[in-house]
$ cat final36.txt   # compact mmCIF, C-alpha atoms and all ligand atoms
# COMPACT_ATOMS: atom_id res chain seq x y z
CA MET A 135 -9.25 -35.37 -24.50
CA ASN A 136 -6.24 -33.64 -23.10
CA LEU A 137 -6.98 -29.96 -23.14
CA GLU A 138 -3.78 -28.07 -22.55
CA LEU A 139 -4.38 -24.52 -21.58
CA PRO A 140 -1.74 -22.01 -22.57
CA LEU A 141 0.26 -20.89 -19.58
CA LEU A 142 -0.96 -17.41 -18.83
CA SER A 143 1.21 -15.11 -16.85
CA THR A 144 -1.34 -14.59 -14.12
CA ALA A 145 1.07 -13.98 -11.27
CA LYS A 146 0.18 -10.63 -9.83
CA LYS A 147 2.92 -8.31 -8.75
CA ALA A 148 3.23 -6.76 -5.34
CA PHE A 149 2.47 -3.06 -5.84
CA LEU A 150 4.72 -1.98 -2.96
CA ASP A 151 7.62 -3.98 -4.39
CA THR A 152 7.30 -2.38 -7.81
CA PRO A 153 9.57 0.64 -8.33
CA VAL A 154 7.61 3.81 -9.09
CA GLY A 155 9.38 4.07 -12.48
CA ASP A 156 7.99 0.65 -13.46
CA ILE A 157 4.51 1.67 -12.33
CA GLN A 158 4.75 4.81 -14.43
CA GLN A 159 5.71 2.74 -17.47
CA TRP A 160 2.86 0.36 -16.88
CA VAL A 161 0.41 3.27 -16.51
CA ALA A 162 1.62 4.68 -19.83
CA ALA A 163 1.16 1.27 -21.46
CA GLN A 164 -2.45 1.35 -20.22
CA GLN A 165 -2.90 4.57 -22.28
CA GLN A 166 -3.49 6.48 -19.06
CA PRO A 167 -2.23 10.01 -18.37
CA ALA A 168 0.95 10.22 -16.30
CA PHE A 169 -0.79 11.79 -13.28
CA ARG A 170 -2.59 8.50 -12.60
CA THR A 171 0.50 7.14 -10.80
CA ALA A 172 0.51 10.04 -8.35
CA GLN A 173 -3.24 9.57 -7.88
CA VAL A 174 -2.83 5.92 -6.92
CA LEU A 175 0.06 6.71 -4.56
CA ARG A 176 -2.01 9.43 -2.90
CA TRP A 177 -4.85 6.98 -2.34
CA LEU A 178 -2.48 4.48 -0.81
CA TYR A 179 -0.25 6.69 1.34
CA GLN A 180 -2.55 9.59 2.18
CA ALA A 181 -6.15 8.42 1.79
CA ARG A 182 -5.68 4.95 3.33
CA ALA A 183 -7.29 3.05 0.45
CA ALA A 184 -7.64 -0.62 1.35
CA ASN A 185 -7.93 -1.77 -2.29
CA PHE A 186 -7.80 -0.41 -5.83
CA ASP A 187 -11.56 -0.46 -6.15
CA SER A 188 -12.00 2.19 -3.49
CA MET A 189 -9.85 4.66 -5.49
CA THR A 190 -13.02 6.26 -6.72
CA ASP A 191 -11.66 9.02 -8.94
CA LEU A 192 -9.91 6.52 -11.20
CA PRO A 193 -11.75 5.19 -14.26
CA ALA A 194 -13.44 1.88 -13.47
CA ALA A 195 -11.59 0.02 -16.24
CA PHE A 196 -8.25 1.30 -14.95
CA ARG A 197 -9.10 0.15 -11.44
CA THR A 198 -9.85 -3.30 -12.83
CA ALA A 199 -6.55 -3.29 -14.74
CA LEU A 200 -4.69 -2.35 -11.54
CA GLN A 201 -6.45 -5.12 -9.68
CA ASP A 202 -5.53 -7.68 -12.35
CA GLN A 203 -1.91 -6.61 -12.38
CA PHE A 204 -1.08 -5.93 -8.73
CA HIS A 205 -1.72 -6.93 -5.16
CA LEU A 206 -2.06 -3.64 -3.30
CA PHE A 207 -1.22 -5.53 -0.07
CA GLN A 208 0.43 -8.94 0.17
CA ALA A 209 -0.08 -9.94 3.77
CA ASN A 210 -2.73 -12.00 5.45
CA VAL A 211 -3.34 -10.52 8.88
CA VAL A 212 -3.38 -13.76 10.88
CA ALA A 213 -3.60 -12.08 14.28
CA HIS A 214 -4.56 -8.59 15.42
CA ARG A 215 -4.53 -7.85 19.14
CA ILE A 216 -5.37 -4.56 20.81
CA ALA A 217 -4.10 -3.94 24.34
CA THR A 218 -5.79 -1.84 26.98
CA ASP A 219 -3.11 0.82 26.42
CA GLU A 220 -4.11 0.98 22.71
CA THR A 221 -1.05 -0.90 21.53
CA HIS A 222 -1.88 -2.89 18.40
CA LYS A 223 0.04 -5.97 17.43
CA LEU A 224 -0.24 -7.65 14.04
CA VAL A 225 1.09 -11.00 12.90
CA LEU A 226 1.39 -10.84 9.11
CA GLU A 227 1.69 -13.91 6.94
CA TRP A 228 3.34 -13.33 3.56
CA GLN A 229 2.64 -15.04 0.24
CA ASP A 230 5.14 -17.82 0.99
CA GLY A 231 3.49 -18.62 4.33
CA LYS A 232 6.26 -17.01 6.42
CA SER A 233 5.13 -14.68 9.17
CA ILE A 234 6.42 -11.71 11.14
CA GLU A 235 5.14 -9.32 13.79
CA CYS A 236 4.74 -5.57 13.85
CA VAL A 237 3.38 -3.25 16.51
CA LEU A 238 1.73 0.17 16.77
CA LEU A 239 2.51 1.98 20.03
CA GLN A 240 0.30 4.95 20.89
CA GLU A 241 1.21 7.34 23.68
CA GLU A 242 0.08 10.93 23.96
CA THR A 243 0.88 12.46 20.59
CA ARG A 244 3.33 9.76 19.53
CA ARG A 245 2.34 7.08 17.06
CA THR A 246 5.23 4.66 16.76
CA ALA A 247 5.49 1.73 14.36
CA CYS A 248 7.79 -1.10 15.44
CA ILE A 249 8.67 -3.09 12.32
CA SER A 250 10.52 -6.26 11.32
CA THR A 251 13.16 -6.62 8.62
CA GLN A 252 13.64 -10.39 8.46
CA VAL A 253 11.68 -13.59 9.03
CA GLY A 254 13.42 -14.91 12.12
CA CYS A 255 16.87 -13.65 13.04
CA GLY A 256 20.37 -15.04 12.58
CA MET A 257 22.02 -13.28 15.50
CA GLY A 258 21.02 -15.80 18.18
CA CYS A 259 20.99 -13.49 21.22
CA VAL A 260 20.31 -16.00 23.97
CA PHE A 261 17.40 -14.17 25.64
CA CYS A 262 15.45 -13.26 22.48
CA ALA A 263 12.45 -15.10 20.98
CA SER A 264 13.04 -13.96 17.39
CA GLY A 265 16.25 -15.88 16.86
CA LEU A 266 15.22 -19.20 18.37
CA LYS A 267 14.94 -20.83 14.94
CA GLY A 268 17.52 -18.77 13.07
CA VAL A 269 16.87 -16.53 10.09
CA GLU A 270 14.63 -17.68 7.23
CA ARG A 271 14.88 -14.78 4.82
CA ASN A 272 15.07 -11.03 4.40
CA LEU A 273 11.88 -9.06 3.97
CA SER A 274 11.47 -7.25 0.67
CA VAL A 275 11.14 -3.47 0.38
CA GLY A 276 7.39 -3.89 -0.10
CA GLU A 277 7.03 -6.17 2.90
CA ILE A 278 8.78 -3.60 5.11
CA LEU A 279 6.65 -0.77 3.70
CA GLU A 280 3.44 -2.73 4.03
CA GLN A 281 3.92 -3.03 7.79
CA LEU A 282 4.14 0.76 7.99
CA VAL A 283 1.06 1.34 5.85
CA LEU A 284 -1.04 -1.23 7.73
CA LEU A 285 -0.01 0.17 11.12
CA ARG A 286 -0.64 3.74 9.98
CA ASN A 287 -4.12 2.64 8.84
CA LEU A 288 -4.84 1.60 12.43
CA THR A 289 -4.31 5.10 13.78
CA ALA A 290 -7.33 7.40 14.14
CA PRO A 291 -8.44 9.20 10.96
CA GLY A 292 -6.34 12.29 10.36
CA GLU A 293 -3.42 10.97 12.41
CA ARG A 294 -0.17 9.72 11.03
CA LEU A 295 2.82 7.76 12.23
CA SER A 296 5.20 10.09 14.04
CA HIS A 297 8.01 7.58 14.76
CA ILE A 298 9.44 4.30 13.51
CA VAL A 299 11.57 1.91 15.54
CA VAL A 300 13.18 -0.88 13.56
CA MET A 301 13.10 -3.18 16.56
CA GLY A 302 10.90 -6.05 15.43
CA MET A 303 12.17 -9.38 14.18
CA GLY A 304 15.52 -9.62 12.49
CA GLU A 305 18.78 -7.73 12.26
CA PRO A 306 18.05 -4.54 10.27
CA LEU A 307 21.65 -4.01 9.18
CA ALA A 308 21.70 -7.50 7.66
CA ASN A 309 18.97 -6.25 5.29
CA LEU A 310 20.18 -2.68 4.99
CA ASP A 311 19.49 -2.04 1.29
CA ASN A 312 15.83 -3.07 1.48
CA LEU A 313 15.38 -1.18 4.74
CA LEU A 314 16.87 2.03 3.34
CA ALA A 315 14.72 1.79 0.19
CA ALA A 316 11.56 1.36 2.30
CA LEU A 317 12.53 4.23 4.61
CA GLU A 318 13.01 6.54 1.60
CA ILE A 319 9.28 6.20 0.96
CA ALA A 320 8.45 6.43 4.66
CA VAL A 321 10.13 9.85 4.89
CA SER A 322 8.94 11.17 1.53
CA GLN A 323 6.19 13.79 1.62
CA LYS A 324 4.47 11.79 -1.11
CA GLY A 325 4.84 8.68 1.02
CA LEU A 326 4.23 8.56 4.76
CA GLY A 327 5.90 11.88 5.59
CA ILE A 328 7.73 10.67 8.72
CA GLY A 329 10.67 12.76 9.93
CA ALA A 330 13.98 10.96 9.40
CA ARG A 331 15.08 12.04 12.88
CA HIS A 332 12.15 10.12 14.32
CA ILE A 333 13.33 6.82 12.87
CA THR A 334 15.50 4.55 15.02
CA ILE A 335 17.42 1.60 13.63
CA SER A 336 18.46 -0.92 16.28
CA THR A 337 21.37 -3.24 15.60
CA VAL A 338 23.19 -6.06 17.35
CA GLY A 339 26.33 -4.21 16.23
CA LEU A 340 27.73 -4.97 12.75
CA PRO A 341 30.61 -2.48 12.44
CA ALA A 342 30.92 -2.36 8.64
CA LYS A 343 27.17 -1.86 8.26
CA ILE A 344 27.08 0.82 10.96
CA ARG A 345 29.69 2.70 8.92
CA ALA A 346 27.70 2.13 5.72
CA LEU A 347 24.61 3.53 7.44
CA ALA A 348 26.59 6.58 8.58
CA ASP A 349 27.85 7.08 5.03
CA ALA A 350 24.31 6.87 3.63
CA GLY A 351 23.97 10.47 4.84
CA LYS A 352 20.57 10.11 6.48
CA GLN A 353 19.40 11.52 9.78
CA TYR A 354 18.22 8.21 11.19
CA HIS A 355 18.91 7.48 14.83
CA LEU A 356 21.14 4.50 15.69
CA ALA A 357 20.60 2.20 18.66
CA VAL A 358 23.24 -0.39 19.46
CA SER A 359 22.27 -3.47 21.48
CA LEU A 360 25.23 -3.67 23.82
CA HIS A 361 23.79 -5.76 26.69
CA ALA A 362 27.15 -6.26 28.43
CA PRO A 363 30.13 -4.07 29.35
CA ASN A 364 32.91 -6.54 28.46
CA ASP A 365 33.58 -9.17 25.83
CA ALA A 366 33.56 -12.14 28.19
CA LEU A 367 30.00 -11.41 29.29
CA ARG A 368 28.81 -10.19 25.90
CA ASN A 369 30.07 -13.38 24.22
CA GLN A 370 27.74 -15.33 26.51
CA ILE A 371 24.70 -13.17 25.79
CA VAL A 372 25.25 -12.08 22.18
CA PRO A 373 27.03 -14.90 20.31
CA THR A 374 27.94 -12.74 17.29
CA ASN A 375 30.20 -10.77 19.62
CA ALA A 376 32.81 -13.52 19.61
CA ASN A 377 33.91 -12.57 16.08
CA ILE A 378 33.44 -8.83 16.46
CA GLY A 379 34.14 -7.54 19.95
CA ILE A 380 32.83 -4.49 21.77
CA GLU A 381 35.72 -2.23 20.78
CA ALA A 382 35.05 -2.54 17.04
CA ILE A 383 31.38 -1.83 17.64
CA LEU A 384 32.06 1.27 19.75
CA ASP A 385 34.55 2.49 17.13
CA ALA A 386 31.91 2.16 14.44
CA ALA A 387 29.31 3.88 16.66
CA ASP A 388 31.79 6.74 17.28
CA TYR A 389 32.21 7.01 13.52
CA PHE A 390 28.43 7.17 13.17
CA TYR A 391 28.29 10.02 15.66
CA ALA A 392 31.19 11.87 14.07
CA THR A 393 29.64 11.54 10.62
CA THR A 394 25.98 12.25 11.38
CA SER A 395 26.18 14.30 14.62
CA ARG A 396 23.44 12.06 15.92
CA GLN A 397 23.89 10.76 19.45
CA VAL A 398 23.93 6.97 19.65
CA THR A 399 21.66 5.06 22.01
CA TYR A 400 23.00 1.93 23.71
CA GLU A 401 20.38 -0.63 24.56
CA TYR A 402 21.04 -2.86 27.52
CA VAL A 403 18.62 -5.66 28.34
CA LEU A 404 18.71 -6.28 32.08
CA LEU A 405 18.85 -10.01 32.82
CA GLY A 406 18.43 -10.75 36.51
CA GLU A 407 21.77 -11.65 38.13
CA LEU A 408 23.46 -12.10 34.78
CA ASN A 409 24.36 -8.58 33.65
CA ASP A 410 22.59 -6.37 36.22
CA GLN A 411 25.19 -6.34 39.00
CA PRO A 412 26.85 -3.19 40.43
CA ALA A 413 30.18 -4.10 38.85
CA ASP A 414 28.49 -4.35 35.44
CA ALA A 415 26.97 -0.91 35.87
CA ARG A 416 30.33 0.57 36.89
CA GLU A 417 32.08 -1.02 33.91
CA LEU A 418 29.37 0.20 31.53
CA ALA A 419 29.70 3.71 32.97
CA ARG A 420 33.47 3.64 32.34
CA LEU A 421 32.93 2.48 28.77
CA LEU A 422 30.42 5.19 27.88
CA ARG A 423 31.43 8.08 30.15
CA ASP A 424 33.44 9.93 27.52
CA ARG A 425 31.06 9.24 24.69
CA LYS A 426 27.99 11.23 23.71
CA ALA A 427 25.75 8.32 24.54
CA HIS A 428 22.30 7.60 25.84
CA VAL A 429 21.51 4.30 27.57
CA ASN A 430 18.17 2.57 27.22
CA LEU A 431 17.74 -0.12 29.85
CA ILE A 432 15.23 -2.84 28.93
CA PRO A 433 14.14 -5.11 31.79
CA TRP A 434 13.98 -8.51 30.12
CA ASN A 435 10.55 -9.48 28.78
CA ASN A 436 9.85 -13.03 29.74
CA VAL A 437 10.15 -15.57 26.91
CA VAL A 438 8.55 -18.93 27.66
CA ASP A 439 11.12 -21.77 27.88
CA LEU A 440 14.13 -19.47 28.28
CA PRO A 441 15.98 -19.69 31.59
CA TYR A 442 16.40 -15.96 32.32
CA ARG A 443 14.89 -13.66 34.92
CA ARG A 444 13.76 -10.08 35.06
CA PRO A 445 16.05 -7.91 37.21
CA ALA A 446 15.12 -7.36 40.85
CA PRO A 447 13.74 -3.81 41.29
CA GLU A 448 16.61 -2.89 43.67
CA ALA A 449 19.22 -4.11 41.18
CA GLN A 450 17.56 -2.13 38.41
CA ASN A 451 17.41 1.04 40.50
CA ALA A 452 21.03 0.69 41.56
CA PHE A 453 22.07 0.20 37.92
CA VAL A 454 20.28 3.40 36.89
CA THR A 455 21.82 5.34 39.79
CA THR A 456 25.37 4.25 38.96
CA LEU A 457 25.00 5.39 35.35
CA ARG A 458 23.38 8.71 36.37
CA HIS A 459 26.17 9.42 38.85
CA ALA A 460 28.63 8.95 36.03
CA GLY A 461 26.77 11.63 34.10
CA ILE A 462 25.27 9.25 31.57
CA SER A 463 21.79 9.89 30.25
CA VAL A 464 19.69 6.80 30.96
CA LYS A 465 16.08 5.68 30.65
CA VAL A 466 14.30 2.48 31.54
CA ARG A 467 12.05 1.33 28.71
CA LYS A 468 8.38 1.27 29.60
CA ARG A 469 6.51 -1.91 29.04
CA LYS A 470 3.72 -1.55 26.49
CA GLY A 471 1.02 -3.92 25.38
CA ALA A 472 1.94 -6.54 27.97
CA ASP A 473 -1.57 -8.02 27.96
CA ILE A 474 -1.38 -8.89 24.24
CA ASP A 475 2.04 -10.56 24.13
CA ALA A 476 3.30 -7.42 22.42
CA ALA A 477 6.87 -7.85 23.53
CA CYS A 478 9.55 -9.24 21.30
CA GLY A 479 8.21 -12.09 19.20
CA GLN A 480 5.79 -13.44 21.75
CA LEU A 481 2.57 -13.22 19.77
CA ARG A 482 4.00 -14.72 16.59
CA ARG A 483 5.32 -17.62 18.63
CA LYS A 484 1.92 -18.20 20.16
CA VAL A 485 0.19 -17.95 16.78
CA LEU A 486 2.63 -20.41 15.21
CA GLU A 487 2.16 -22.86 18.07
CA ASN A 488 -1.62 -22.64 17.84
CA MET A 489 -1.94 -22.80 14.08
CA PRO A 490 -0.33 -25.99 12.81
CA GLN A 491 -0.66 -25.08 9.13
CA ILE A 492 1.27 -21.85 9.64
CA ALA A 493 3.78 -23.57 11.87
CA ALA A 494 4.46 -26.09 9.10
CA ALA A 495 4.97 -23.35 6.52
CA ALA A 496 7.32 -21.50 8.84
CA GLN A 497 9.64 -24.46 9.34
N1 LIG A 501 18.45 -7.13 15.86
C1 LIG A 501 18.25 -5.81 16.40
C2 LIG A 501 16.79 -5.55 16.79
C3 LIG A 501 16.34 -6.40 17.93
S1 LIG A 501 14.89 -5.96 18.81
C4 LIG A 501 19.14 -5.60 17.62
O1 LIG A 501 19.81 -6.55 18.02
O2 LIG A 501 19.20 -4.49 18.12
C5 LIG A 501 15.25 -4.52 19.73
C6 LIG A 501 15.85 -4.71 21.12
O3 LIG A 501 15.07 -5.57 21.94
C7 LIG A 501 17.25 -5.28 21.08
O4 LIG A 501 18.06 -4.55 21.96
C8 LIG A 501 17.03 -6.68 21.59
O5 LIG A 501 18.20 -7.23 22.12
C9 LIG A 501 15.93 -6.46 22.62
N2 LIG A 501 15.20 -7.68 23.00
C10 LIG A 501 14.96 -8.78 22.28
N3 LIG A 501 14.26 -9.70 22.99
C11 LIG A 501 14.06 -9.14 24.20
C12 LIG A 501 13.40 -9.57 25.39
N4 LIG A 501 12.81 -10.76 25.47
N5 LIG A 501 13.36 -8.71 26.43
C13 LIG A 501 13.92 -7.48 26.35
N6 LIG A 501 14.56 -7.03 25.27
C14 LIG A 501 14.64 -7.84 24.22
$ encode --input "final36.txt" --output "structure tokens"
Amino acid sequence: MNLELPLLSTAKKAFLDTPVGDIQQWVAAQQQPAFRTAQVLRWLYQARAANFDSMTDLPAAFRTALQDQFHLFQANVVAHRIATDETHKLVLEWQDGKSIECVLLQEETRRTACISTQVGCGMGCVFCASGLKGVERNLSVGEILEQLVLLRNLTAPGERLSHIVVMGMGEPLANLDNLLAALEIAVSQKGLGIGARHITISTVGLPAKIRALADAGKQYHLAVSLHAPNDALRNQIVPTNANIGIEAILDAADYFYATTSRQVTYEYVLLGELNDQPADARELARLLRDRKAHVNLIPWNNVVDLPYRRPAPEAQNAFVTTLRHAGISVKVRKRKGADIDAACGQLRRKVLENMPQIAAAAQ
């Protein structure tokens, strides 16, 4: 006998990808009072509920209905490493088998989430692990938010995230709409309550999107990954530069500053003997001298199989000195979580290499 079962719509929705208005409608359809939505959101964002069942002041039947309708979280945590400096790194695998990394950095009173916006990256910067296989897809609003909630849940009870850096996998400005929607909830008092001025968006430099971000009227901080002081060198290191050029990027960054009054940070990865020479430092100083700019130097984090080197300490010191003498504010980024492959796509790569089933899904 061929028993054909009716096709039930059993696909659960991702709670964090469901607009609050839709949740409110669904709550009303469950014959529940309107305040239930706020109750659930408080459990999730303030009380760190790990599932609907632990939302103990909701009626049991309503908790079951929530559970049948929604996934509160979508990710499988396929790796969780904790470094001696209390840095946590997660590799999250989404429903389609694709994975990303996110990191919690803890120093003194700062609790910083470093989050991804895409699976892979399409920018192809030659020294970076995230772009080695190109971009696979954008992350959804819920997938971006979920990283923040999971990382916040790793902080000590009573603490909250103080900062966000959008410096994980992917090019944030290539997924700007989803990022902005997720950040709206991150800054909301009913969400994660993070100050907009403590959120940094790092970009390879997409001029039209930098302008769009400026026009969005938010107080987010912009970091531009410059990595070279002239087009000839930048074309070698950042392939997208060939069609854009440094001048257009600096123009857009100037527009960002003029529009938001927020000083722009320029990131500069130091690659031994490639872009760390005295002439490079002098040229960078000339480029930025008359701008309200801050420079963040990042000694290259080793990526297995890539043919680059960290800068020699003397070269790095000389680079810093040249910029300082030109009156430019400069910092060298501290290395965090080195013992857990925390830097730049390293752990995900290792996990993918060691777990054939995930590696296959990620192809
Ligand atoms: N797509 C964004 C975010 C990238 S990650 C951007 O281009 O800005 C944040 C910063 O880390 C970028 O400046 C990026 O170039 C840098 N980065 C990536 N891999 C690195 C590595 N192996 N060592 C040091 N910095 C790296």
$ axis_aligned_box --input "final36.txt" --around "ligand LIG 501 (chain A)" --padding-each-side "5 Å" --output "AutoDock Vina command-line options"
--center_x 16.3 --center_y -7.6 --center_z 21.1 --size_x 17.0 --size_y 16.3 --size_z 20.6
$ residues_near_ligand --input "final36.txt" --ligand "ligand LIG 501 (chain A)" --cutoff "6 Å" --atoms "only C-alpha atoms and all ligand atoms" --output "list in words"
Phe261, Cys262, Met301, Gly302, Gly304, Glu305, Ser336, Thr337, Val338, Val358, Ser359, Glu401, Val403, Ile432, Pro433, Trp434, Asn435, Asn436, Val437 and Cys478 of chain A
$ residues_around --input "final36.txt" --residues "Ala357 in chain A" --least-positions-apart "3" --cutoff "10 Å" --atoms "only C-alpha atoms" --output "PDB file with C-alpha atoms, in the frame of the given file"
ATOM      1  CA  VAL A 299      11.570   1.910  15.540  1.00  0.00           C
ATOM      2  CA  VAL A 300      13.180  -0.880  13.560  1.00  0.00           C
ATOM      3  CA  MET A 301      13.100  -3.180  16.560  1.00  0.00           C
ATOM      4  CA  THR A 334      15.500   4.550  15.020  1.00  0.00           C
ATOM      5  CA  ILE A 335      17.420   1.600  13.630  1.00  0.00           C
ATOM      6  CA  SER A 336      18.460  -0.920  16.280  1.00  0.00           C
ATOM      7  CA  THR A 337      21.370  -3.240  15.600  1.00  0.00           C
ATOM      8  CA  VAL A 338      23.190  -6.060  17.350  1.00  0.00           C
ATOM      9  CA  GLY A 339      26.330  -4.210  16.230  1.00  0.00           C
ATOM     10  CA  TYR A 354      18.220   8.210  11.190  1.00  0.00           C
ATOM     11  CA  LEU A 360      25.230  -3.670  23.820  1.00  0.00           C
ATOM     12  CA  ALA A 387      29.310   3.880  16.660  1.00  0.00           C
ATOM     13  CA  GLN A 397      23.890  10.760  19.450  1.00  0.00           C
ATOM     14  CA  VAL A 398      23.930   6.970  19.650  1.00  0.00           C
ATOM     15  CA  THR A 399      21.660   5.060  22.010  1.00  0.00           C
ATOM     16  CA  TYR A 400      23.000   1.930  23.710  1.00  0.00           C
ATOM     17  CA  GLU A 401      20.380  -0.630  24.560  1.00  0.00           C
ATOM     18  CA  ALA A 427      25.750   8.320  24.540  1.00  0.00           C
ATOM     19  CA  HIS A 428      22.300   7.600  25.840  1.00  0.00           C
ATOM     20  CA  VAL A 429      21.510   4.300  27.570  1.00  0.00           C
ATOM     21  CA  ASN A 430      18.170   2.570  27.220  1.00  0.00           C
TER      22      ASN A 430
END
$ closest_residue --input "final36.txt" --among "A:Cys255, A:Met189, A:Leu431, A:Ile249" --to "Glu277 in chain A" --atoms "all atoms listed in the file"
A:Ile249
$ atom_distance --input "final36.txt" --atom1 "CA of Arg215 in chain A" --atom2 "CA of Ser296 in chain A"
21.0 Å
$ residues_around --input "final36.txt" --residues "Thr152 in chain A" --least-positions-apart "5" --cutoff "12 Å" --atoms "all atoms listed in the file" --output "list in words"
Lys146, Lys147, Ile157, Gln158, Gln159, Trp160, Gln203, Phe204, His205, Leu206, Phe207, Ser274, Val275, Gly276, Glu277, Leu279, Ala315 and Ala316 of chain A
$ closest_atom_pairs --input "final36.txt" --of "range 338-395 of chain A" --to "range 406-425 of chain A" --cutoff "10 Å" --atoms "all atoms listed in the file" --output "CSV"
residue,atom,partner,partner_atom,distance
A:Leu360,CA,A:Leu418,CA,9.6
A:His361,CA,A:Asn409,CA,7.5
A:Ala362,CA,A:Asn409,CA,6.4
A:Pro363,CA,A:Leu418,CA,4.9
A:Asn364,CA,A:Glu417,CA,7.8
A:Leu367,CA,A:Asn409,CA,7.7
A:Arg368,CA,A:Asn409,CA,9.1
A:Gln370,CA,A:Leu408,CA,9.9
A:Ile371,CA,A:Asn409,CA,9.1
A:Ile380,CA,A:Leu421,CA,9.9
A:Glu381,CA,A:Leu421,CA,9.7
A:Leu384,CA,A:Leu421,CA,9.1
A:Ala387,CA,A:Arg425,CA,9.8
A:Asp388,CA,A:Arg425,CA,7.9
A:Tyr391,CA,A:Arg425,CA,9.5
$ closest_residue --input "final36.txt" --among "A:Leu175, A:Ala342, A:Leu239, A:Gln450" --to "Thr221 in chain A" --atoms "only C-alpha atoms"
A:Leu239
$ residues_around --input "final36.txt" --residues "Trp228 in chain A" --least-positions-apart "2" --cutoff "8 Å" --atoms "all atoms listed in the file" --output "NGL selection string"
:A and (208-210 or 226 or 230-233)
$ residues_around --input "final36.txt" --residues "range 327-331 of chain A" --least-positions-apart "6" --cutoff "12 Å" --atoms "all atoms listed in the file" --output "PyMOL selection string"
chain A and resi 176+179-180+244-247+282-283+286+293-299+314+316-321+351-356+394-397
$ closest_residue --input "final36.txt" --among "A:Ala213, A:Ala348, A:Leu178, A:Ile234" --to "Ala386 in chain A" --atoms "all atoms listed in the file"
A:Ala348
$ build_atoms --input "final36.txt" --residues "range 257-268 of chain A" --atoms "N, CA, C and O atoms" --output "PDB file, keeping the file's coordinate frame"
ATOM      1  N   MET A 257      21.018 -13.751  14.547  1.00  0.00           N
ATOM      2  CA  MET A 257      22.020 -13.280  15.500  1.00  0.00           C
ATOM      3  C   MET A 257      22.091 -14.136  16.763  1.00  0.00           C
ATOM      4  O   MET A 257      23.104 -14.169  17.442  1.00  0.00           O
ATOM      5  N   GLY A 258      21.001 -14.797  17.099  1.00  0.00           N
ATOM      6  CA  GLY A 258      21.020 -15.800  18.180  1.00  0.00           C
ATOM      7  C   GLY A 258      21.224 -15.267  19.583  1.00  0.00           C
ATOM      8  O   GLY A 258      21.687 -16.026  20.456  1.00  0.00           O
ATOM      9  N   CYS A 259      20.874 -14.004  19.844  1.00  0.00           N
ATOM     10  CA  CYS A 259      20.990 -13.490  21.220  1.00  0.00           C
ATOM     11  C   CYS A 259      20.196 -14.430  22.138  1.00  0.00           C
ATOM     12  O   CYS A 259      19.046 -14.767  21.854  1.00  0.00           O
ATOM     13  N   VAL A 260      20.834 -14.850  23.233  1.00  0.00           N
ATOM     14  CA  VAL A 260      20.310 -16.000  23.970  1.00  0.00           C
ATOM     15  C   VAL A 260      18.968 -15.766  24.666  1.00  0.00           C
ATOM     16  O   VAL A 260      18.259 -16.716  24.972  1.00  0.00           O
ATOM     17  N   PHE A 261      18.612 -14.503  24.881  1.00  0.00           N
ATOM     18  CA  PHE A 261      17.400 -14.170  25.640  1.00  0.00           C
ATOM     19  C   PHE A 261      16.220 -13.825  24.749  1.00  0.00           C
ATOM     20  O   PHE A 261      15.147 -13.489  25.242  1.00  0.00           O
ATOM     21  N   CYS A 262      16.402 -13.860  23.431  1.00  0.00           N
ATOM     22  CA  CYS A 262      15.450 -13.260  22.480  1.00  0.00           C
ATOM     23  C   CYS A 262      14.650 -14.346  21.765  1.00  0.00           C
ATOM     24  O   CYS A 262      15.209 -15.348  21.322  1.00  0.00           O
ATOM     25  N   ALA A 263      13.324 -14.106  21.618  1.00  0.00           N
ATOM     26  CA  ALA A 263      12.450 -15.100  20.980  1.00  0.00           C
ATOM     27  C   ALA A 263      12.641 -15.145  19.467  1.00  0.00           C
ATOM     28  O   ALA A 263      12.459 -16.194  18.841  1.00  0.00           O
ATOM     29  N   SER A 264      13.025 -14.015  18.856  1.00  0.00           N
ATOM     30  CA  SER A 264      13.040 -13.960  17.390  1.00  0.00           C
ATOM     31  C   SER A 264      14.069 -14.879  16.755  1.00  0.00           C
ATOM     32  O   SER A 264      13.897 -15.323  15.625  1.00  0.00           O
ATOM     33  N   GLY A 265      15.152 -15.125  17.472  1.00  0.00           N
ATOM     34  CA  GLY A 265      16.250 -15.880  16.860  1.00  0.00           C
ATOM     35  C   GLY A 265      16.229 -17.361  17.204  1.00  0.00           C
ATOM     36  O   GLY A 265      17.164 -18.089  16.832  1.00  0.00           O
ATOM     37  N   LEU A 266      15.182 -17.822  17.873  1.00  0.00           N
ATOM     38  CA  LEU A 266      15.220 -19.200  18.370  1.00  0.00           C
ATOM     39  C   LEU A 266      15.371 -20.220  17.249  1.00  0.00           C
ATOM     40  O   LEU A 266      15.937 -21.289  17.441  1.00  0.00           O
ATOM     41  N   LYS A 267      14.828 -19.885  16.060  1.00  0.00           N
ATOM     42  CA  LYS A 267      14.940 -20.830  14.940  1.00  0.00           C
ATOM     43  C   LYS A 267      15.802 -20.285  13.812  1.00  0.00           C
ATOM     44  O   LYS A 267      15.684 -20.728  12.664  1.00  0.00           O
ATOM     45  N   GLY A 268      16.641 -19.318  14.104  1.00  0.00           N
ATOM     46  CA  GLY A 268      17.520 -18.770  13.070  1.00  0.00           C
ATOM     47  C   GLY A 268      16.774 -17.855  12.118  1.00  0.00           C
ATOM     48  O   GLY A 268      15.614 -17.525  12.327  1.00  0.00           O
TER      49      GLY A 268
END
